[in-house]
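See structure below.
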Amino acid sequence: MKLTSIFGKIIFPKNNIYLLKILTIKIKSFWTIILALQLLSPINLAAEKPIYNTQDVFHPVIAKNGIVATQEALATQAGLSVLKAGGNAIDAAVTIGFTLAVTLPRAGNIGGGGFMLIHLADTQETVAIDYREKAPLAATRNMFLDENGKADPQKSRFSHLAVGVPGTVAGLAFVLEKYGTISLAEALQPAIELAEKGITVTEDLRSSLIFAQPYLATNEASQEIFFPAEGKVYQVGDLLIQADLAKSLKLIASEGVEAFYQGEIADKIVAEMSANGGIITKADLASYQPVIRQPVRGNYRGYDIYSMPPPSSGGVHLIQMLNILEGFPIKLFGHNQAKTIHIMTETMKLAYADRFQYLGDPDFVDVPVRELISKSYADRLRSRINLQQATPSSKILPAAINEKIESIDTTHFSVIDRYGNAVANTYTLNFSYGSGITVPGTGILLNNEMDDFTAKPGVQNAYGLVGGELNAIEPEKRMLSSMTPTIVIENGQPFLVTGSPGGSQIITATLQLIMNVIDHEMNIAAATNSFRFHHQWLPDVLQVEKGLNGDTIALLQEFGHTVEVTNAMGSTQSVMYREKRLFGASDPRRPNALTLGY
């Protein structure tokens, strides 16, 4: 019996290709009927819900011409000023990227790297820019093992060996030249002024310095910048001036990327390396290039999802999870109800197990992206989910070593301009303040991204499974990441631009933000403020934010989940376009984040 003979007259949601597929097959299960009911109901579509609703507790920033969401207020203001002056989203994004190096030094950077997704209105094209750090030419597979063959986290995190070849300056300059309308000097000016004149220390900045003091204080150049008064931490309201960083930014403004990769700054980086056992050379810096990659693309309930391809695992597994979850009536199960959380958690386990097994730098290893993001593969994975009982992670894919825990100290920003261009950018130093090492005379903090490689790959267990081989260290290889800058497209236009910091939690935070908007019809502020949870396969623990209903936790435990209340997850910075207006929201989980529009 066909669906049409059961439900009679049908109102077709706009662009719902998935529904059309359902209508061409016979009903084979109760879940097919439930899913069809959800998809057929116009009131279940995010596009149909009023923008402003007096029942909502949280409300978005609303604008007409341009909108910016970042994790730091001064950077947001700098980006919005560019849009107001007629610049496009790429101009604003590059300005924000350099500004955050001054105003959010624990994550914003010119000594790190990241990923940018750009939607170009003129060509209706979405491109991915990979400016992830690379392993130096002298890097070796076992460089972080001690004399006993064990991984040494001190080497991979806080030594000069921990530093990957930085990509931020090259990446930002590249996108500005190719897609922007202002000069590099113009984009750098706000950052230069803030570094020279100083920024007011906030509680957030002070707290981050206290957290990082144990390793920042071991580096003389970092100590001089961040703890100048005999090791004392800045007080809230103090002025933090970064004169050396201002000089470096001026050099880049006047000489271009060559100043960083071939000129005076490069010489200082190499000198610091050679004096302290580091291996980055002038050849490493001079040869660094960002890469244009094809975004991974999926479709979720009629919306086109574009996200970052490998060497980020974020886009692949975001789309993989959405594909699996599309087969469940998520709306009918209810937002953050026990059954919804259970199904999403089981989906997360499956995706993160695949992440461990299949992901790496596509320039070095074969990554089965097409298979991982296919609907047919999602169908096979979905069939493995027990709706009544949690499956232990050990039964999904037993592995030799635990999944690596990534640093949460990354930052994301999102921009849409008046022309319809959009940018989603996530970049990082890895740990808070990276390696803690500042290059003397430059004010530039260096990353510790080499720690994102698998320090001891090739370990085999009783099942014959090998851990982390695809993410083993190789010269010039890019290390695996979870960064997930994402642009959701509807009718050829950006509908939602989002992303988050949070290490391995990035992918699940982005997943929940998107589902809150599409499945649960939330405005972007409500979707941002909503409770989050996370499971990454190993350890086999369902992490939940504080505030989840005790009864819900009890039900999840009855499903068989080990539930652990943890710190707040992520810091999504999101903007949307709907009904000829722009909407945005910054995550309250990190202080001083700000969304502005005009």
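Each chain of the structure tokens is named A, B, ... in the order shown, its residues numbered from 1; ligands are numbered from 1 in display order.
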
>> Neighbouring residues of A:Gln543 were defined as those with any atom within 9 Å, considering only C-alpha atoms; residues of the same chain fewer than 3 positions away were excluded. Please report them as a ChimeraX atom specification.
In response: /A:532-535,562-567

>> Taking 5 positions as the minimum chain separation for residues in the same chain, which residues sit within 8 Å of A:Val233 when counting only C-alpha atoms? Answer as a PyMOL selection string.
In response: chain A and resi 206+209-210+226-227

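The shortest atom-to-atom distance to A:Phe115, with only C-alpha atoms taken into account, belongs to A:Tyr427 out of A:Tyr215, A:Tyr352, A:Tyr358, A:Tyr427.
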
> Which neighbours of A:Gly263 fall inside 12 Å, counting only C-alpha atoms, when residues of the same chain fewer than 6 positions from it are skipped, and could you give them as a PyMOL selection string?
Replying inline: chain A and resi 248+251-252+254-257+269-270+282-283+285-286

Write down as a compact mmCIF listing (two decimals) with all heavy atoms, in the first residue's frame the residues belonging to stretch 381-515 of chain A that are assigned strand (DSSP E) by DSSP computed on the backbone.
```
# COMPACT_ATOMS: atom_id res chain seq x y z
N THR A 410 40.09 26.10 20.85
CA THR A 410 40.04 26.49 19.44
C THR A 410 39.05 27.65 19.39
O THR A 410 38.46 27.99 20.40
CB THR A 410 39.57 25.27 18.62
OG1 THR A 410 40.54 24.22 18.77
CG2 THR A 410 39.40 25.56 17.15
N THR A 411 38.85 28.28 18.25
CA THR A 411 37.80 29.30 18.17
C THR A 411 37.20 29.31 16.77
O THR A 411 37.87 28.97 15.79
CB THR A 411 38.34 30.70 18.54
OG1 THR A 411 37.23 31.60 18.70
CG2 THR A 411 39.28 31.25 17.50
N HIS A 412 35.92 29.66 16.71
CA HIS A 412 35.19 29.69 15.45
C HIS A 412 34.51 31.05 15.27
O HIS A 412 34.11 31.68 16.25
CB HIS A 412 34.11 28.60 15.41
CG HIS A 412 33.28 28.65 14.15
ND1 HIS A 412 33.66 27.99 13.01
CD2 HIS A 412 32.14 29.30 13.86
CE1 HIS A 412 32.77 28.24 12.06
NE2 HIS A 412 31.84 29.04 12.55
N PHE A 413 34.39 31.49 14.01
CA PHE A 413 33.56 32.67 13.73
C PHE A 413 32.83 32.48 12.41
O PHE A 413 33.25 31.72 11.55
CB PHE A 413 34.39 33.97 13.71
CG PHE A 413 35.60 33.97 12.81
CD1 PHE A 413 35.49 34.31 11.46
CD2 PHE A 413 36.86 33.67 13.31
CE1 PHE A 413 36.61 34.35 10.64
CE2 PHE A 413 37.99 33.70 12.50
CZ PHE A 413 37.87 34.04 11.16
N SER A 414 31.68 33.17 12.30
CA SER A 414 30.81 33.06 11.13
C SER A 414 30.41 34.45 10.65
O SER A 414 30.17 35.34 11.46
CB SER A 414 29.54 32.26 11.48
OG SER A 414 29.85 30.94 11.87
N VAL A 415 30.29 34.60 9.32
CA VAL A 415 29.97 35.90 8.71
C VAL A 415 29.04 35.70 7.51
O VAL A 415 29.24 34.76 6.73
CB VAL A 415 31.25 36.62 8.22
CG1 VAL A 415 30.90 38.02 7.70
CG2 VAL A 415 32.31 36.70 9.30
N ILE A 416 28.05 36.55 7.36
CA ILE A 416 27.29 36.67 6.12
C ILE A 416 27.25 38.15 5.76
O ILE A 416 27.02 39.01 6.63
CB ILE A 416 25.84 36.15 6.25
CG1 ILE A 416 25.82 34.66 6.58
CG2 ILE A 416 25.07 36.38 4.94
CD1 ILE A 416 24.42 34.08 6.76
N ALA A 422 29.20 34.04 2.38
CA ALA A 422 29.24 33.54 3.76
C ALA A 422 30.59 32.89 4.04
O ALA A 422 31.20 32.28 3.14
CB ALA A 422 28.12 32.55 4.01
N VAL A 423 31.04 33.01 5.28
CA VAL A 423 32.29 32.38 5.71
C VAL A 423 32.08 31.69 7.05
O VAL A 423 31.49 32.26 7.98
CB VAL A 423 33.43 33.41 5.86
CG1 VAL A 423 34.66 32.76 6.48
CG2 VAL A 423 33.78 34.04 4.52
N ALA A 424 32.54 30.45 7.14
CA ALA A 424 32.64 29.73 8.41
C ALA A 424 34.10 29.38 8.61
O ALA A 424 34.71 28.74 7.75
CB ALA A 424 31.80 28.46 8.37
N ASN A 425 34.69 29.83 9.71
CA ASN A 425 36.13 29.62 9.93
C ASN A 425 36.39 29.09 11.33
O ASN A 425 35.89 29.63 12.32
CB ASN A 425 36.89 30.93 9.75
CG ASN A 425 38.40 30.72 9.83
OD1 ASN A 425 39.05 30.47 8.81
ND2 ASN A 425 38.97 30.83 11.02
N THR A 426 37.18 28.04 11.40
CA THR A 426 37.63 27.50 12.68
C THR A 426 39.15 27.38 12.64
O THR A 426 39.69 26.79 11.70
CB THR A 426 37.03 26.12 12.97
OG1 THR A 426 35.63 26.12 12.66
CG2 THR A 426 37.22 25.74 14.42
N TYR A 427 39.84 27.96 13.62
CA TYR A 427 41.30 27.82 13.66
C TYR A 427 41.78 27.76 15.10
O TYR A 427 41.02 28.02 16.04
CB TYR A 427 41.98 28.91 12.85
CG TYR A 427 42.02 30.32 13.40
CD1 TYR A 427 43.03 31.20 12.99
CD2 TYR A 427 41.08 30.82 14.30
CE1 TYR A 427 43.10 32.50 13.45
CE2 TYR A 427 41.15 32.12 14.77
CZ TYR A 427 42.16 32.96 14.36
OH TYR A 427 42.22 34.25 14.83
N THR A 428 43.08 27.40 15.27
CA THR A 428 43.52 27.05 16.62
C THR A 428 45.04 27.03 16.76
O THR A 428 45.76 26.97 15.76
CB THR A 428 42.97 25.65 16.99
OG1 THR A 428 43.24 25.37 18.35
CG2 THR A 428 43.58 24.57 16.11
N THR A 438 56.60 31.47 22.89
CA THR A 438 56.55 32.68 22.07
C THR A 438 57.92 32.89 21.42
O THR A 438 58.95 32.79 22.10
CB THR A 438 56.19 33.90 22.91
OG1 THR A 438 54.87 33.73 23.46
CG2 THR A 438 56.21 35.17 22.07
N VAL A 439 57.93 33.18 20.14
CA VAL A 439 59.19 33.45 19.45
C VAL A 439 59.70 34.82 19.90
O VAL A 439 59.00 35.82 19.72
CB VAL A 439 58.99 33.43 17.93
CG1 VAL A 439 60.30 33.75 17.21
CG2 VAL A 439 58.45 32.09 17.47
N ILE A 444 54.71 36.20 18.80
CA ILE A 444 53.92 35.15 18.16
C ILE A 444 53.99 33.87 18.98
O ILE A 444 55.07 33.29 19.17
CB ILE A 444 54.43 34.87 16.73
CG1 ILE A 444 54.26 36.12 15.87
CG2 ILE A 444 53.68 33.69 16.12
CD1 ILE A 444 54.92 36.01 14.51
N LEU A 445 52.83 33.43 19.47
CA LEU A 445 52.72 32.15 20.14
C LEU A 445 52.70 31.02 19.10
O LEU A 445 52.04 31.14 18.06
CB LEU A 445 51.43 32.09 20.96
CG LEU A 445 51.46 32.75 22.33
CD1 LEU A 445 50.03 33.06 22.79
CD2 LEU A 445 52.17 31.85 23.34
N VAL A 459 49.96 -0.09 16.76
CA VAL A 459 49.78 -1.05 17.84
C VAL A 459 48.64 -2.00 17.48
O VAL A 459 47.56 -1.57 17.10
CB VAL A 459 49.49 -0.33 19.17
CG1 VAL A 459 49.27 -1.35 20.28
CG2 VAL A 459 50.62 0.62 19.53
N GLN A 460 48.89 -3.27 17.62
CA GLN A 460 47.90 -4.27 17.22
C GLN A 460 47.35 -5.00 18.44
O GLN A 460 48.09 -5.33 19.36
CB GLN A 460 48.53 -5.27 16.26
CG GLN A 460 47.52 -6.16 15.53
CD GLN A 460 48.20 -7.04 14.50
OE1 GLN A 460 49.03 -7.85 14.84
NE2 GLN A 460 47.84 -6.85 13.24
N VAL A 466 44.63 -2.32 13.98
CA VAL A 466 45.78 -1.43 14.17
C VAL A 466 45.28 -0.03 14.47
O VAL A 466 44.39 0.49 13.80
CB VAL A 466 46.68 -1.42 12.92
CG1 VAL A 466 47.81 -0.42 13.08
CG2 VAL A 466 47.24 -2.82 12.68
N GLY A 467 45.85 0.60 15.49
CA GLY A 467 45.38 1.91 15.93
C GLY A 467 46.14 3.07 15.33
O GLY A 467 47.37 3.09 15.37
N THR A 486 30.88 24.85 8.96
CA THR A 486 29.77 24.29 8.18
C THR A 486 28.86 25.39 7.64
O THR A 486 28.56 26.35 8.34
CB THR A 486 28.95 23.31 9.06
OG1 THR A 486 29.80 22.26 9.51
CG2 THR A 486 27.77 22.73 8.29
N ILE A 487 28.43 25.21 6.40
CA ILE A 487 27.44 26.11 5.79
C ILE A 487 26.28 25.26 5.27
O ILE A 487 26.48 24.33 4.48
CB ILE A 487 28.05 26.93 4.64
CG1 ILE A 487 29.19 27.82 5.17
CG2 ILE A 487 26.98 27.79 3.97
CD1 ILE A 487 29.89 28.64 4.10
N VAL A 488 25.09 25.57 5.74
CA VAL A 488 23.87 24.89 5.30
C VAL A 488 23.21 25.77 4.24
O VAL A 488 22.98 26.96 4.48
CB VAL A 488 22.91 24.64 6.47
CG1 VAL A 488 21.65 23.94 5.99
CG2 VAL A 488 23.61 23.82 7.57
N ILE A 489 22.92 25.18 3.09
CA ILE A 489 22.38 25.92 1.95
C ILE A 489 20.93 25.53 1.71
O ILE A 489 20.57 24.35 1.75
CB ILE A 489 23.21 25.64 0.68
CG1 ILE A 489 24.67 26.04 0.88
CG2 ILE A 489 22.60 26.37 -0.52
CD1 ILE A 489 24.92 27.52 0.99
N GLU A 490 20.10 26.53 1.43
CA GLU A 490 18.71 26.30 1.04
C GLU A 490 18.41 27.15 -0.18
O GLU A 490 18.63 28.36 -0.18
CB GLU A 490 17.76 26.67 2.18
CG GLU A 490 16.30 26.42 1.84
CD GLU A 490 15.35 26.98 2.89
OE1 GLU A 490 15.69 28.01 3.52
OE2 GLU A 490 14.28 26.41 3.07
N GLN A 493 21.11 29.58 -1.39
CA GLN A 493 21.57 30.64 -0.51
C GLN A 493 21.96 30.09 0.85
O GLN A 493 21.40 29.10 1.31
CB GLN A 493 20.47 31.69 -0.32
CG GLN A 493 20.14 32.50 -1.57
CD GLN A 493 19.13 33.58 -1.26
OE1 GLN A 493 18.16 33.34 -0.54
NE2 GLN A 493 19.34 34.77 -1.80
N PRO A 494 22.93 30.74 1.52
CA PRO A 494 23.28 30.31 2.87
C PRO A 494 22.07 30.41 3.79
O PRO A 494 21.45 31.47 3.90
CB PRO A 494 24.38 31.30 3.29
CG PRO A 494 24.92 31.84 2.02
CD PRO A 494 23.76 31.87 1.06
N PHE A 495 21.73 29.32 4.42
CA PHE A 495 20.65 29.29 5.40
C PHE A 495 21.21 29.38 6.81
O PHE A 495 20.72 30.13 7.66
CB PHE A 495 19.85 27.99 5.23
CG PHE A 495 18.91 27.68 6.36
CD1 PHE A 495 17.78 28.45 6.58
CD2 PHE A 495 19.17 26.62 7.22
CE1 PHE A 495 16.91 28.16 7.64
CE2 PHE A 495 18.31 26.32 8.28
CZ PHE A 495 17.19 27.10 8.49
N LEU A 496 22.29 28.65 7.07
CA LEU A 496 22.89 28.59 8.40
C LEU A 496 24.40 28.45 8.24
O LEU A 496 24.87 27.61 7.47
CB LEU A 496 22.32 27.40 9.17
CG LEU A 496 22.95 27.06 10.52
CD1 LEU A 496 22.80 28.19 11.51
CD2 LEU A 496 22.33 25.77 11.08
N VAL A 497 25.14 29.28 8.98
CA VAL A 497 26.60 29.21 9.00
C VAL A 497 27.02 29.01 10.45
O VAL A 497 26.65 29.80 11.32
CB VAL A 497 27.23 30.52 8.45
CG1 VAL A 497 28.76 30.41 8.41
CG2 VAL A 497 26.68 30.84 7.07
N THR A 498 27.77 27.95 10.71
CA THR A 498 28.06 27.63 12.11
C THR A 498 29.35 26.84 12.25
O THR A 498 29.97 26.42 11.27
CB THR A 498 26.88 26.86 12.74
OG1 THR A 498 27.06 26.79 14.16
CG2 THR A 498 26.76 25.46 12.16
```

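Surrounding stretch 383-391 of chain A within 9 Å are Lys339, His342, Ile343, Thr345, Glu346, Thr347, Lys349, Ala378, Asp379, Arg380, Ser394, Lys395, Ile396, Leu556, Glu558, Phe559, Gly560 and His561 of chain A, with only C-alpha atoms counted and residues fewer than 3 positions along the same chain left out.
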
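Between atom CA of A:Gly108 and atom CA of A:Leu594 lies a distance of 15.1 Å.
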
> When distances are computed from only C-alpha atoms, which of A:Ser500, A:Ser313, A:Asn529, A:Thr123 shows the smallest separation from A:Gly360?
Replying inline: A:Ser313

> Near A:Ala139, within 10 Å and counting only C-alpha atoms, which residues show up once chain neighbours fewer than 5 positions away are dropped, as a ChimeraX atom specification?
Replying inline: /A:134,144,161,164,279-280,450,473-477

> Could you pull the residues within 12 Å of A:Ser207, counting only C-alpha atoms, minus those fewer than 3 positions along the same chain, as number ranges by chain?
Replying inline: A: 106, 201-204, 210-213, 233-236, 432, 590-591
